[in-house]
Amino acid sequence: MAKFDTPDLKALAEIPVVVAGTMAHSHPYVAAPEHQASLGFPGELIDDWQRVAIDKLGELVGKYRSLQVFMDSCVKCGACTDKCHYYLGTSDPKNMPVARQDLLRKVYRRYFTFAGKYFPWLVGAEDLTREVLDDWYSYFHQCSQCRRCSVFCPFGIDTAEVSMAAREIMDAVGLGQKYSNEIIAKVFKIGNNLGLPGPALENTLEGLEEDVEEETGVQVRFPLDQQGAEVLLVTPSADFFAEPHVDGLIGYAKVLHQAGISWTLSSHASEAANFGLFIGSYENMRNVALRIREAALDLGVKRIVFGECGHAWRVAYSFLNTLAGPFDFLDPRYPIPQHIIEVTHDLMERGALTLDKSANDERRVTFHDSCNVARASRMGSKPGGQFVLPREVIKASCNHFYDMAAETIGESTFCCGGGGGLLTDDLLELRVKGALPRMQAFDSVVTQHGVTHLAAICAICKSQFAKVLPYYGFEMDQIISVHQLVGDAIVLGAKQ
Ligand code: SF4
Ligand code: SF4
């Protein structure tokens, strides 16, 4: 275990006393020149970085009106100050959302407002110095872009968007983050975040077919590059072998098998994740998204379905059509794109699946709403469907379900602590401390209801919890995929 103190779990969540600068040392590794170059960014910090950064900030506030409104409209009411899990877990005041925004706002004021140009001391405007840039690099990589603070801001100021803009500016001057940029470069080169080439993927899927047949006696296929399949399944590459993700993939395969839907994965678009979102780069987000369009056209599919991945669903639900559309070649009778939870829920409602809930009787389950699903997308045809559908799928698959405290779920859900491009071991202290509010809420249902498992529909949440649960005295396998619950309950071969 790393050298830092894990916060104590308390019976009641507490707002911490401010400890200035306590996370100033936290920052991720800087991207290598070759990864920067793959994404079209300068390889290292350029000589005239200050001028380029200010120009880029001007370009962004001109292009995105929302960013300018966010810069201009904060009234310092303080409603957001205790809403960020990173502030609650670290006590660092720069992790208060308003303070994080101010790191960019003070520079915006200095160069783009009348008062800031002539009376900077009156309006908290500051020059962009190397010290300020270092603060940006540290604290804009202590924001998982979860949008929780925006729910509580009377003006809806979205710190996630501010963080994305700051990261975009830093990339433009050659100060990119290793973890995100290396991963995007891998997607461009190989097709997925893990750098898993086509033949290795094929072997992995064959292995899964053998495992499922051995366990169930039923031949459930995991097709790859199947021409003419009805559904293209785009799923996070962690689903191919990471735990507990892979059990979710087995669950999707069982659902599609049982429903008689022909489907395929693609070696060209073998990744649902789109880290272009995290670095605020429209161009890179578009290039990643275009691979899905190309795969859908090449394979001649009629539908695109996304597996369990929170930010991928945000990009798919909110931006896919703009980034890579139009998708007029797909079947208009289905949502474009569709989430695997929507597919399973719809099949359940139509009686196409038989689920034996008792198969999960040894599990007492709660559900973690993932930020990007909860606050940046929807599911189904009704408002709030993103909260209802996953819970209905879980309740149809197991007998024991208990929600965590209302103020920690749904629209107010707490981030797992590892989203937004922060799921890297160079930020482990931040990840562990940022998980505190979720761990606190989980601990309460463990104590009150004997809950044994935390179910999720996000690959990042699953990896993050597998890592941080032991820091809080839980077992790493207490995190589970929602489609593992489905896959374990489904009665293969049964017809209603
Ligand atoms: S978006 Fe999330 S991580 Fe970022 S400041 Fe707001 S609450 Fe914190
Ligand atoms: S809640 Fe909104 S207006 Fe109030 S301090 Fe935070 S960002 Fe500013």
# chains A, B, ... in the order shown; residues from 1 in each chain; ligands from 1
$ select_by_dssp --residues "range 70-129 of chain A" --states "helix (DSSP H, G or I)" --output "number ranges by chain"
A: 70-73, 85-90, 93-95, 97-112, 114-118, 120-123
$ residues_near_ligand --ligand "ligand 2" --cutoff "6 Å" --atoms "only C-alpha atoms and all ligand atoms" --output "short mmCIF file (atom, residue, chain, number, x, y, z; two decimals) with N, CA and C atoms, in the first residue's frame"
data_model
loop_
_atom_site.label_atom_id
_atom_site.label_comp_id
_atom_site.auth_asym_id
_atom_site.auth_seq_id
_atom_site.Cartn_x
_atom_site.Cartn_y
_atom_site.Cartn_z
N CYS A 74 -20.07 33.50 -11.65
CA CYS A 74 -19.98 33.02 -10.26
C CYS A 74 -20.12 34.20 -9.29
N VAL A 75 -21.01 34.06 -8.31
CA VAL A 75 -21.21 35.14 -7.33
C VAL A 75 -20.62 34.78 -5.96
N LYS A 76 -19.84 33.70 -5.95
CA LYS A 76 -19.16 33.28 -4.71
C LYS A 76 -20.16 33.01 -3.58
N CYS A 77 -21.26 32.37 -3.94
CA CYS A 77 -22.28 32.09 -2.91
C CYS A 77 -21.83 30.97 -1.97
N GLY A 78 -20.91 30.13 -2.45
CA GLY A 78 -20.37 29.07 -1.59
C GLY A 78 -21.16 27.78 -1.59
N ALA A 79 -22.23 27.71 -2.37
CA ALA A 79 -23.07 26.50 -2.34
C ALA A 79 -22.32 25.26 -2.80
N CYS A 80 -21.29 25.44 -3.61
CA CYS A 80 -20.58 24.27 -4.15
C CYS A 80 -19.41 23.82 -3.27
N VAL A 98 -15.44 26.04 -6.52
CA VAL A 98 -15.29 27.46 -6.85
C VAL A 98 -13.82 27.85 -6.89
N CYS A 153 -25.00 24.34 -7.80
CA CYS A 153 -24.73 25.75 -8.12
C CYS A 153 -26.00 26.41 -8.65
N PRO A 154 -26.41 27.53 -8.06
CA PRO A 154 -27.65 28.18 -8.53
C PRO A 154 -27.56 28.62 -9.98
N PHE A 155 -26.34 28.76 -10.52
CA PHE A 155 -26.19 29.16 -11.91
C PHE A 155 -25.80 27.99 -12.81
N ILE A 157 -23.08 26.38 -12.89
CA ILE A 157 -21.69 26.45 -13.38
C ILE A 157 -21.07 25.06 -13.31
#
$ residues_near_ligand --ligand "ligand 1" --cutoff "7 Å" --atoms "only C-alpha atoms and all ligand atoms" --output "list of chain:residue names"
A:Lys83, A:Cys84, A:His85, A:Tyr86, A:Asn95, A:Met96, A:Pro97, A:Arg100, A:Gln142, A:Cys143, A:Ser144, A:Gln145, A:Cys146, A:Arg147, A:Arg148, A:Cys149, A:Ser150, A:Asp158, A:Thr159, A:Ala160
$ residues_around --residues "Pro437 in chain A" --least-positions-apart "2" --cutoff "8 Å" --atoms "only C-alpha atoms" --output "mmCIF file with all heavy atoms, in the first residue's frame"
data_model
loop_
_atom_site.group_PDB
_atom_site.id
_atom_site.type_symbol
_atom_site.label_atom_id
_atom_site.label_comp_id
_atom_site.auth_asym_id
_atom_site.auth_seq_id
_atom_site.Cartn_x
_atom_site.Cartn_y
_atom_site.Cartn_z
ATOM 1 N N ALA A 13 -21.141 11.562 7.668
ATOM 2 C CA ALA A 13 -20.171 12.285 6.837
ATOM 3 C C ALA A 13 -19.917 13.656 7.455
ATOM 4 O O ALA A 13 -20.818 14.282 7.996
ATOM 5 C CB ALA A 13 -20.716 12.427 5.426
ATOM 6 N N HIS A 85 -16.137 15.545 -3.878
ATOM 7 C CA HIS A 85 -15.556 14.428 -3.113
ATOM 8 C C HIS A 85 -14.066 14.630 -2.857
ATOM 9 O O HIS A 85 -13.533 14.129 -1.872
ATOM 10 C CB HIS A 85 -15.798 13.109 -3.858
ATOM 11 C CG HIS A 85 -15.395 13.155 -5.297
ATOM 12 N ND1 HIS A 85 -16.087 13.907 -6.226
ATOM 13 C CD2 HIS A 85 -14.367 12.596 -5.975
ATOM 14 C CE1 HIS A 85 -15.495 13.783 -7.402
ATOM 15 N NE2 HIS A 85 -14.460 13.003 -7.284
ATOM 16 N N LEU A 88 -13.883 16.881 0.133
ATOM 17 C CA LEU A 88 -14.314 16.139 1.328
ATOM 18 C C LEU A 88 -13.257 15.113 1.760
ATOM 19 O O LEU A 88 -13.082 14.859 2.953
ATOM 20 C CB LEU A 88 -15.651 15.434 1.059
ATOM 21 C CG LEU A 88 -16.835 16.379 0.794
ATOM 22 C CD1 LEU A 88 -18.083 15.588 0.395
ATOM 23 C CD2 LEU A 88 -17.133 17.249 2.020
ATOM 24 N N GLY A 89 -12.541 14.550 0.777
ATOM 25 C CA GLY A 89 -11.559 13.517 1.103
ATOM 26 C C GLY A 89 -10.171 14.049 1.390
ATOM 27 O O GLY A 89 -9.373 13.353 2.026
ATOM 28 N N PHE A 414 -22.072 10.453 -5.696
ATOM 29 C CA PHE A 414 -20.660 10.794 -5.545
ATOM 30 C C PHE A 414 -19.833 9.998 -6.541
ATOM 31 O O PHE A 414 -20.086 8.815 -6.767
ATOM 32 C CB PHE A 414 -20.174 10.453 -4.131
ATOM 33 C CG PHE A 414 -20.452 11.531 -3.133
ATOM 34 C CD1 PHE A 414 -21.426 11.355 -2.147
ATOM 35 C CD2 PHE A 414 -19.749 12.726 -3.167
ATOM 36 C CE1 PHE A 414 -21.687 12.356 -1.218
ATOM 37 C CE2 PHE A 414 -19.999 13.732 -2.240
ATOM 38 C CZ PHE A 414 -20.974 13.551 -1.264
ATOM 39 N N GLY A 434 -10.399 10.598 -2.558
ATOM 40 C CA GLY A 434 -11.615 11.048 -3.251
ATOM 41 C C GLY A 434 -12.755 10.044 -3.179
ATOM 42 O O GLY A 434 -13.914 10.386 -3.401
ATOM 43 N N ALA A 435 -12.422 8.796 -2.875
ATOM 44 C CA ALA A 435 -13.462 7.763 -2.773
ATOM 45 C C ALA A 435 -14.182 7.812 -1.425
ATOM 46 O O ALA A 435 -15.175 7.098 -1.219
ATOM 47 C CB ALA A 435 -12.840 6.377 -2.974
ATOM 48 N N MET A 439 -17.392 5.541 -0.133
ATOM 49 C CA MET A 439 -17.091 4.467 0.810
ATOM 50 C C MET A 439 -17.911 4.630 2.095
ATOM 51 O O MET A 439 -18.380 3.665 2.687
ATOM 52 C CB MET A 439 -15.586 4.440 1.131
ATOM 53 C CG MET A 439 -14.706 4.014 -0.021
ATOM 54 S SD MET A 439 -14.941 2.280 -0.521
ATOM 55 C CE MET A 439 -16.031 2.426 -1.901
ATOM 56 N N GLN A 440 -18.081 5.903 2.498
ATOM 57 C CA GLN A 440 -18.889 6.203 3.689
ATOM 58 C C GLN A 440 -20.337 5.715 3.498
ATOM 59 O O GLN A 440 -20.905 5.060 4.376
ATOM 60 C CB GLN A 440 -18.888 7.724 3.874
ATOM 61 C CG GLN A 440 -19.325 8.203 5.210
ATOM 62 C CD GLN A 440 -18.149 8.426 6.145
ATOM 63 O OE1 GLN A 440 -17.182 9.090 5.792
ATOM 64 N NE2 GLN A 440 -18.243 7.854 7.302
ATOM 65 N N ALA A 441 -20.899 6.026 2.327
ATOM 66 C CA ALA A 441 -22.292 5.639 2.046
ATOM 67 C C ALA A 441 -22.405 4.118 1.917
ATOM 68 O O ALA A 441 -23.387 3.510 2.361
ATOM 69 C CB ALA A 441 -22.766 6.328 0.768
#
$ atom_distance --atom1 "CA of Val451 in chain A" --atom2 "CA of Gly420 in chain A"
27.9 Å
$ closest_residue --among "A:Glu349, A:Asp298, A:Asp403, A:Glu429" --to "Leu232 in chain A" --atoms "only C-alpha atoms"
A:Asp298
$ residues_around --residues "Leu299 in chain A" --least-positions-apart "4" --cutoff "9 Å" --atoms "only C-alpha atoms" --output "ChimeraX atom specification"
/A:225-229,232,264,266,294-295
$ write_last_selection --atoms "C-alpha atoms" --output "compact mmCIF listing (two decimals), in the first residue's frame"
# COMPACT_ATOMS: atom_id res chain seq x y z
CA ASP A 225 -15.94 -8.90 -36.95
CA GLN A 226 -19.07 -10.82 -37.94
CA GLN A 227 -20.32 -9.36 -41.23
CA GLY A 228 -24.07 -8.69 -41.35
CA ALA A 229 -24.70 -9.06 -37.60
CA LEU A 232 -22.42 -3.93 -33.10
CA THR A 264 -20.61 -8.78 -33.02
CA SER A 266 -15.27 -5.14 -33.83
CA GLU A 294 -16.39 3.02 -39.71
CA ALA A 295 -16.86 -0.34 -37.97
